[in-house]
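K.L.:
This is the content of upload_16.csv (CSV, C-alpha atoms and all ligand atoms):
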chain,number,residue,atom,x,y,z
A,1,MET,CA,9.5,-10.7,8.6
A,2,PRO,CA,6.4,-8.7,7.7
A,3,THR,CA,6.8,-4.9,7.1
A,4,ASP,CA,6.3,-2.8,10.2
A,5,PHE,CA,4.3,0.0,8.8
A,6,ARG,CA,4.5,1.9,12.1
A,7,HIS,CA,8.0,3.1,11.1
A,8,THR,CA,6.5,5.1,8.2
A,9,ARG,CA,7.7,8.7,8.1
A,10,PHE,CA,6.8,11.7,5.9
A,11,LEU,CA,9.7,12.4,3.5
A,12,LYS,CA,8.6,15.2,1.2
A,13,SER,CA,6.0,16.6,-1.1
A,14,ALA,CA,6.6,16.8,-4.9
A,15,ALA,CA,4.8,19.0,-7.4
A,16,GLU,CA,6.6,17.5,-10.4
A,17,LEU,CA,8.2,14.2,-11.3
A,18,THR,CA,11.7,15.8,-11.0
A,19,ASP,CA,11.0,16.4,-7.3
A,20,LEU,CA,10.6,12.7,-6.6
A,21,PRO,CA,13.4,10.6,-5.1
A,22,PRO,CA,15.6,8.5,-7.5
A,23,ASN,CA,13.6,5.8,-9.3
A,24,ALA,CA,15.1,3.1,-7.1
A,25,GLY,CA,13.6,0.6,-4.6
A,26,ARG,CA,9.9,0.0,-4.5
A,27,GLU,CA,6.8,2.2,-4.1
A,28,VAL,CA,3.1,1.5,-3.4
A,29,ALA,CA,0.8,4.4,-4.3
A,30,PHE,CA,-2.5,5.4,-2.8
A,31,ALA,CA,-5.1,7.2,-4.9
A,32,GLY,CA,-8.7,8.2,-4.3
A,33,ARG,CA,-11.3,10.8,-5.2
A,34,SER,CA,-11.2,13.7,-2.8
A,35,ASN,CA,-13.0,12.8,0.4
A,36,ALA,CA,-13.2,9.1,-0.4
A,37,GLY,CA,-11.2,8.4,2.7
A,38,LYS,CA,-7.6,7.9,1.4
A,39,SER,CA,-5.9,9.8,4.2
A,40,SER,CA,-7.8,7.9,6.8
A,41,ALA,CA,-6.9,4.6,5.1
A,42,LEU,CA,-3.2,5.5,5.0
A,43,ASN,CA,-3.3,6.4,8.7
A,44,ALA,CA,-5.2,3.2,9.6
A,45,ILE,CA,-2.9,0.9,7.5
A,46,THR,CA,0.4,2.4,8.8
A,47,GLY,CA,-1.0,2.8,12.3
A,48,VAL,CA,0.6,6.2,12.4
A,49,ASN,CA,-2.0,8.8,13.5
A,50,GLY,CA,-1.9,12.0,11.5
A,51,LEU,CA,0.6,10.7,9.0
A,52,ALA,CA,-1.6,11.8,6.1
A,53,ARG,CA,-3.8,14.8,6.9
A,54,VAL,CA,-7.5,14.1,7.0
A,55,SER,CA,-8.8,16.8,4.8
A,56,LYS,CA,-11.2,19.5,5.9
A,57,THR,CA,-11.1,21.3,2.6
A,58,PRO,CA,-11.1,18.5,0.0
A,59,GLY,CA,-9.5,18.8,-3.4
A,60,ARG,CA,-7.0,21.6,-2.7
A,61,THR,CA,-3.6,19.9,-2.9
A,62,GLN,CA,-2.1,18.8,-6.2
A,63,LEU,CA,1.0,17.4,-4.6
A,64,ILE,CA,2.5,13.9,-4.4
A,65,ASN,CA,3.3,13.2,-0.8
A,66,LEU,CA,6.0,10.7,-0.1
A,67,PHE,CA,6.4,8.5,3.0
A,68,VAL,CA,9.4,6.2,3.7
A,69,LEU,CA,9.3,2.8,5.3
A,70,ASP,CA,13.0,2.3,5.1
A,71,ALA,CA,15.9,3.1,2.7
A,72,ASP,CA,14.3,1.7,-0.4
A,73,ARG,CA,10.6,1.3,0.2
A,74,ARG,CA,8.0,4.1,0.1
A,75,LEU,CA,4.3,4.8,0.3
A,76,VAL,CA,3.1,7.5,-2.1
A,77,ASP,CA,0.0,9.6,-1.5
A,78,LEU,CA,-1.3,10.7,-4.9
A,79,PRO,CA,-3.4,13.9,-5.2
A,80,GLY,CA,-7.1,13.4,-5.5
A,81,TYR,CA,-9.8,15.6,-7.0
A,82,GLY,CA,-13.5,15.1,-7.4
A,83,TYR,CA,-15.5,18.2,-6.8
A,84,ALA,CA,-17.2,20.0,-9.6
A,85,LYS,CA,-15.8,23.3,-8.4
A,86,VAL,CA,-12.3,22.2,-9.2
A,87,PRO,CA,-11.3,24.3,-12.3
A,88,ALA,CA,-10.7,22.4,-15.5
A,89,ALA,CA,-7.1,23.6,-15.7
A,90,VAL,CA,-6.4,22.1,-12.3
A,91,ARG,CA,-7.9,18.8,-13.4
A,92,GLU,CA,-5.8,18.8,-16.6
A,93,GLN,CA,-2.7,19.5,-14.7
A,94,TRP,CA,-3.6,16.7,-12.3
A,95,GLY,CA,-4.1,14.3,-15.3
A,96,ARG,CA,-0.7,15.2,-16.8
A,97,LEU,CA,1.0,14.6,-13.4
A,98,MET,CA,-0.7,11.3,-12.9
A,99,GLU,CA,0.0,10.0,-16.5
A,100,ASP,CA,3.7,10.9,-16.1
A,101,TYR,CA,3.9,9.3,-12.7
A,102,PHE,CA,2.4,6.0,-14.0
A,103,GLN,CA,4.5,6.0,-17.1
A,104,TYR,CA,7.9,6.9,-15.7
A,105,ARG,CA,7.8,5.5,-12.2
A,106,GLN,CA,9.3,2.0,-12.8
A,107,VAL,CA,9.5,1.4,-9.0
A,108,LEU,CA,5.8,1.5,-8.7
A,109,ALA,CA,4.8,-2.0,-7.5
A,110,GLY,CA,1.1,-1.6,-6.9
A,111,LEU,CA,-1.8,0.9,-6.5
A,112,VAL,CA,-4.2,1.1,-3.6
A,113,LEU,CA,-7.4,2.7,-5.0
A,114,VAL,CA,-9.7,4.0,-2.2
A,115,MET,CA,-13.4,4.4,-3.0
A,116,ASP,CA,-16.3,5.3,-0.8
A,117,ILE,CA,-18.2,2.1,-0.7
A,118,ARG,CA,-21.5,4.0,-1.3
A,119,HIS,CA,-20.1,5.7,-4.5
A,120,PRO,CA,-17.6,3.3,-6.2
A,121,LEU,CA,-16.1,3.5,-9.7
A,122,THR,CA,-16.4,7.2,-10.2
A,123,GLU,CA,-15.0,8.9,-13.3
A,124,PHE,CA,-11.8,9.5,-11.2
A,125,ASP,CA,-11.5,5.8,-10.4
A,126,GLN,CA,-12.1,4.8,-14.1
A,127,ARG,CA,-9.3,7.1,-15.2
A,128,MET,CA,-6.9,5.6,-12.6
A,129,LEU,CA,-7.8,2.1,-13.7
A,130,ALA,CA,-7.3,3.0,-17.3
A,131,TRP,CA,-3.8,4.2,-16.6
A,132,CYS,CA,-2.9,1.1,-14.6
A,133,GLY,CA,-4.4,-1.4,-17.0
A,134,PRO,CA,-1.9,-1.2,-19.9
A,135,LEU,CA,1.0,-1.4,-17.3
A,136,GLY,CA,-0.4,-4.6,-15.8
A,137,LEU,CA,0.0,-2.9,-12.4
A,138,PRO,CA,-1.8,-4.8,-9.6
A,139,VAL,CA,-4.5,-2.8,-7.9
A,140,LEU,CA,-6.1,-3.2,-4.5
A,141,VAL,CA,-9.5,-1.5,-4.4
A,142,LEU,CA,-10.5,-0.6,-0.8
A,143,LEU,CA,-14.2,0.1,-0.5
A,144,THR,CA,-14.0,2.3,2.6
A,145,LYS,CA,-16.5,3.7,5.1
A,146,ALA,CA,-18.0,0.2,5.2
A,147,ASP,CA,-19.1,1.0,8.8
A,148,LYS,CA,-21.8,3.1,7.2
A,149,LEU,CA,-23.4,0.0,5.6
A,150,THR,CA,-24.7,-3.3,7.0
A,151,ARG,CA,-22.3,-6.3,6.5
A,152,ASN,CA,-24.7,-7.6,3.8
A,153,HIS,CA,-24.9,-4.4,1.8
A,154,ALA,CA,-21.1,-4.1,2.1
A,155,ASN,CA,-20.6,-7.6,0.7
A,156,GLN,CA,-23.0,-6.9,-2.1
A,157,ALA,CA,-21.1,-3.7,-3.0
A,158,ARG,CA,-17.9,-5.7,-3.1
A,159,GLN,CA,-19.3,-8.3,-5.4
A,160,ALA,CA,-20.7,-5.7,-7.8
A,161,VAL,CA,-17.4,-3.9,-8.0
A,162,SER,CA,-15.5,-7.2,-8.4
A,163,ARG,CA,-17.8,-8.2,-11.3
A,164,GLN,CA,-17.2,-5.0,-13.1
A,165,LEU,CA,-13.4,-5.2,-12.8
A,166,ALA,CA,-13.2,-9.0,-13.5
A,167,ASP,CA,-10.9,-8.5,-16.5
A,168,LEU,CA,-8.2,-6.5,-14.5
A,169,PRO,CA,-5.6,-7.6,-12.0
A,170,VAL,CA,-7.7,-6.1,-9.2
A,171,GLN,CA,-8.4,-7.3,-5.7
A,172,VAL,CA,-11.5,-5.7,-4.1
A,173,GLU,CA,-11.8,-5.5,-0.3
A,174,VAL,CA,-14.3,-4.1,2.1
A,175,PHE,CA,-12.6,-1.5,4.4
A,176,SER,CA,-13.2,0.9,7.3
A,177,ALA,CA,-10.7,3.2,8.9
A,178,VAL,CA,-13.3,3.5,11.8
A,179,SER,CA,-13.9,-0.2,12.6
A,180,GLY,CA,-10.5,-1.5,11.2
A,181,GLN,CA,-12.2,-3.9,8.9
A,182,GLY,CA,-9.9,-4.8,6.0
A,183,VAL,CA,-6.8,-3.2,7.5
A,184,ASP,CA,-4.9,-6.5,8.0
A,185,VAL,CA,-5.7,-7.7,4.4
A,186,ALA,CA,-4.5,-4.3,3.0
A,187,ARG,CA,-1.2,-4.6,5.0
A,188,GLU,CA,-0.7,-8.1,3.7
A,189,VAL,CA,-1.2,-7.1,0.1
A,190,ILE,CA,1.0,-4.0,0.3
A,191,ASP,CA,3.7,-6.0,2.2
A,192,GLY,CA,3.7,-8.5,-0.7
A,193,TRP,CA,4.1,-5.8,-3.3
A,194,LEU,CA,7.0,-4.2,-1.3
A,195,THR,CA,8.9,-7.4,-0.7
A,196,ALA,CA,8.2,-9.6,-3.8
V,1,LIG,P1,-9.5,11.9,1.6
V,1,LIG,O1,-9.9,13.3,1.1
V,1,LIG,O2,-9.7,10.9,0.6
V,1,LIG,O3,-8.1,11.9,2.1
V,1,LIG,O4,-10.5,11.6,2.7
V,1,LIG,P2,-10.3,11.7,4.3
V,1,LIG,O5,-9.5,10.5,4.8
V,1,LIG,O6,-9.8,13.0,4.6
V,1,LIG,O7,-11.8,11.4,4.8
V,1,LIG,C1,-12.9,12.2,4.4
V,1,LIG,C2,-14.0,12.2,5.4
V,1,LIG,O8,-14.5,10.9,5.5
V,1,LIG,C3,-13.5,12.6,6.8
V,1,LIG,O9,-14.5,13.3,7.4
V,1,LIG,C4,-13.2,11.2,7.5
V,1,LIG,O10,-13.4,11.3,8.9
V,1,LIG,C5,-14.3,10.4,6.9
V,1,LIG,N1,-13.9,9.0,6.8
V,1,LIG,C6,-12.8,8.5,6.2
V,1,LIG,N2,-12.7,7.1,6.4
V,1,LIG,C7,-13.9,6.7,7.0
V,1,LIG,C8,-14.4,5.5,7.4
V,1,LIG,O11,-13.8,4.4,7.2
V,1,LIG,N3,-15.6,5.5,8.1
V,1,LIG,C9,-16.3,6.6,8.3
V,1,LIG,N4,-17.5,6.6,8.9
V,1,LIG,N5,-15.8,7.9,7.9
V,1,LIG,C10,-14.6,7.9,7.3
Go ahead and express the file in the form of structure tokens.

P.N.:
Amino acid sequence: MPTDFRHTRFLKSAAELTDLPPNAGREVAFAGRSNAGKSSALNAITGVNGLARVSKTPGRTQLINLFVLDADRRLVDLPGYGYAKVPAAVREQWGRLMEDYFQYRQVLAGLVLVMDIRHPLTEFDQRMLAWCGPLGLPVLVLLTKADKLTRNHANQARQAVSRQLADLPVQVEVFSAVSGQGVDVAREVIDGWLTA
């Protein structure tokens, strides 16, 4: 039976790895530069409105937010950044937290990397991909806010990003939390990672 994402519930926020639940079961993490549309993607994919807070003041939180599907499967909302005004110290702290998370979280089964389709492959995205590459972690890139482009332009953007990431275990999909485009594909991929 496919995963019913509508059962997703908030579990807790973690500021450090020691605050995370035991390294057991399976997790799928979501990452994205601030304002890319990660919270909206999480809400659309789970079908739970308001599960992840759609940010009005981007880039403030440096917390890992955990959501549970059932006893041993979780979705993880990784903190984003992306605004020049974020102090270097905060960015460094973020980098350490992310590196540790990718290195020590054996239960991590895949990463959903959310990018604004009009501004893909930012420095933030490149760092994320650089951490996942050596681990052989599968990545689903969601090019979101696709409703802001014509279908043609969206497909061109997808092809360009796919070409640039051709050497990595990455699947690139066009997505929109507004129109619902790509939501079913994303659910299928995540379901596969959580049940494989
Ligand atoms: P986050 O900071 O990555 O979690 O981004 P949010 O989900 O908070 O979204 C940032 C802004 O982009 C908000 O104003 C959202 O309403 C808007 N947004 C997010 N996804 C979409 C989308 O698919 N289409 C459109 N048109 N706007 C979106």

K.L.:
Would you kindly return, as a PDB file with C-alpha atoms, keeping the file's coordinate frame, each protein, DNA or RNA residue with an atom no farther than 8 Å from any atom of Phe124 in chain A, considering all atoms listed in the file and excluding same-chain residues fewer than 5 positions away?

P.N.:
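Okay, this is what ended up in part_11.pdb:
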ATOM      1  CA  GLY A  32      -8.700   8.200  -4.300  1.00  0.00           C
ATOM      2  CA  ARG A  33     -11.300  10.800  -5.200  1.00  0.00           C
ATOM      3  CA  TYR A  81      -9.800  15.600  -7.000  1.00  0.00           C
ATOM      4  CA  GLY A  82     -13.500  15.100  -7.400  1.00  0.00           C
TER       5      GLY A  82
END

K.L.:
What's the 7 Å shell around Phe30 in chain A, counting all atoms listed in the file, without same-chain residues fewer than 2 positions away, as an MDAnalysis selection string?

P.N.:
chainID A and resid 28 32 76:78 111:113

K.L.:
So, counting only C-alpha atoms and all ligand atoms, which residue among A:Met1, A:Ala31, A:Val172, A:Cys132 is closest to ligand LIG 1 (chain V)?

P.N.:
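Closest to ligand LIG 1 (chain V), using only C-alpha atoms and all ligand atoms: A:Ala31.
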
K.L.:
Taking a cut-off of 8 Å and counting only C-alpha atoms and all ligand atoms, can you build a table that, for each residue of chain A near ligand LIG 1 (chain V), reports the nearest atom pair and how far apart they are in Å (one decimal), sorted by chain then residue number, as a tab-separated table?

P.N.:
residue	atom	partner	partner_atom	distance
A:Gly32	CA	V:LIG1	O2	5.7
A:Arg33	CA	V:LIG1	O2	6.0
A:Ser34	CA	V:LIG1	O1	4.1
A:Asn35	CA	V:LIG1	O1	3.2
A:Ala36	CA	V:LIG1	O2	4.1
A:Gly37	CA	V:LIG1	O4	3.3
A:Lys38	CA	V:LIG1	O2	3.7
A:Ser39	CA	V:LIG1	O3	3.7
A:Ser40	CA	V:LIG1	O5	3.7
A:Ala41	CA	V:LIG1	N2	6.4
A:Ala52	CA	V:LIG1	O3	7.6
A:Arg53	CA	V:LIG1	O6	6.7
A:Val54	CA	V:LIG1	O6	3.5
A:Ser55	CA	V:LIG1	O6	3.9
A:Lys56	CA	V:LIG1	O6	6.8
A:Pro58	CA	V:LIG1	O1	5.4
A:Gly59	CA	V:LIG1	O1	7.1
A:Gly80	CA	V:LIG1	O2	7.1
A:Val114	CA	V:LIG1	O2	7.4
A:Thr144	CA	V:LIG1	O11	5.1
A:Lys145	CA	V:LIG1	O11	3.5
A:Ala146	CA	V:LIG1	O11	6.3
A:Asp147	CA	V:LIG1	N3	5.7
A:Lys148	CA	V:LIG1	N4	5.8
A:Phe175	CA	V:LIG1	O11	6.6
A:Ser176	CA	V:LIG1	O11	3.6
A:Ala177	CA	V:LIG1	O11	3.7
A:Val178	CA	V:LIG1	O11	4.7
A:Ser179	CA	V:LIG1	O11	7.1
A:Gly180	CA	V:LIG1	O11	7.9

K.L.:
Work out how far apart CA of Val107 in chain A and CA of Arg26 in chain A are and give it in Å to one decimal.

P.N.:
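Separation of CA of Val107 in chain A and CA of Arg26 in chain A: 4.7 Å.
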
K.L.:
Nearest to Arg74 in chain A: which of A:Asp116, A:Glu27, A:Glu92, A:Asp100 is it, counting all atoms listed in the file?

P.N.:
A:Glu27

K.L.:
Restricting the calculation to only C-alpha atoms, which member of A:Gly192, A:Pro87, A:Gly182, A:Gly95 is positioned closest to Pro138 in chain A?

P.N.:
A:Gly192

K.L.:
Could you work out how far CA of Leu17 in chain A lies from CA of Pro79 in chain A, giving the answer in Å with one decimal?

P.N.:
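CA of Pro79 in chain A sits 13.1 Å away from CA of Leu17 in chain A.
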
K.L.:
Please, what distance in Å, to one decimal, runs between CA of Arg73 in chain A and CA of Met128 in chain A?

P.N.:
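Between CA of Arg73 in chain A and CA of Met128 in chain A the gap is 22.1 Å.
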
K.L.:
Go through A:Leu42, A:Leu129, A:Val86, A:Ala154 one by one, measure the shortest atom-to-atom distance of each to Arg6 in chain A using only C-alpha atoms, and give the residue with the smallest value.

P.N.:
A:Leu42

K.L.:
For Gln126 in chain A, which of A:Leu108, A:Leu165, A:Leu97, A:Leu149 is the closest residue, counting all atoms listed in the file?

P.N.:
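Of A:Leu108, A:Leu165, A:Leu97, A:Leu149, the one nearest Gln126 in chain A, counting all atoms listed in the file, is A:Leu165.
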
K.L.:
Go through A:Ser13, A:Thr46, A:Gln106, A:Gln164 one by one, measure the shortest atom-to-atom distance of each to Leu63 in chain A using all atoms listed in the file, and give the residue with the smallest value.

P.N.:
A:Ser13
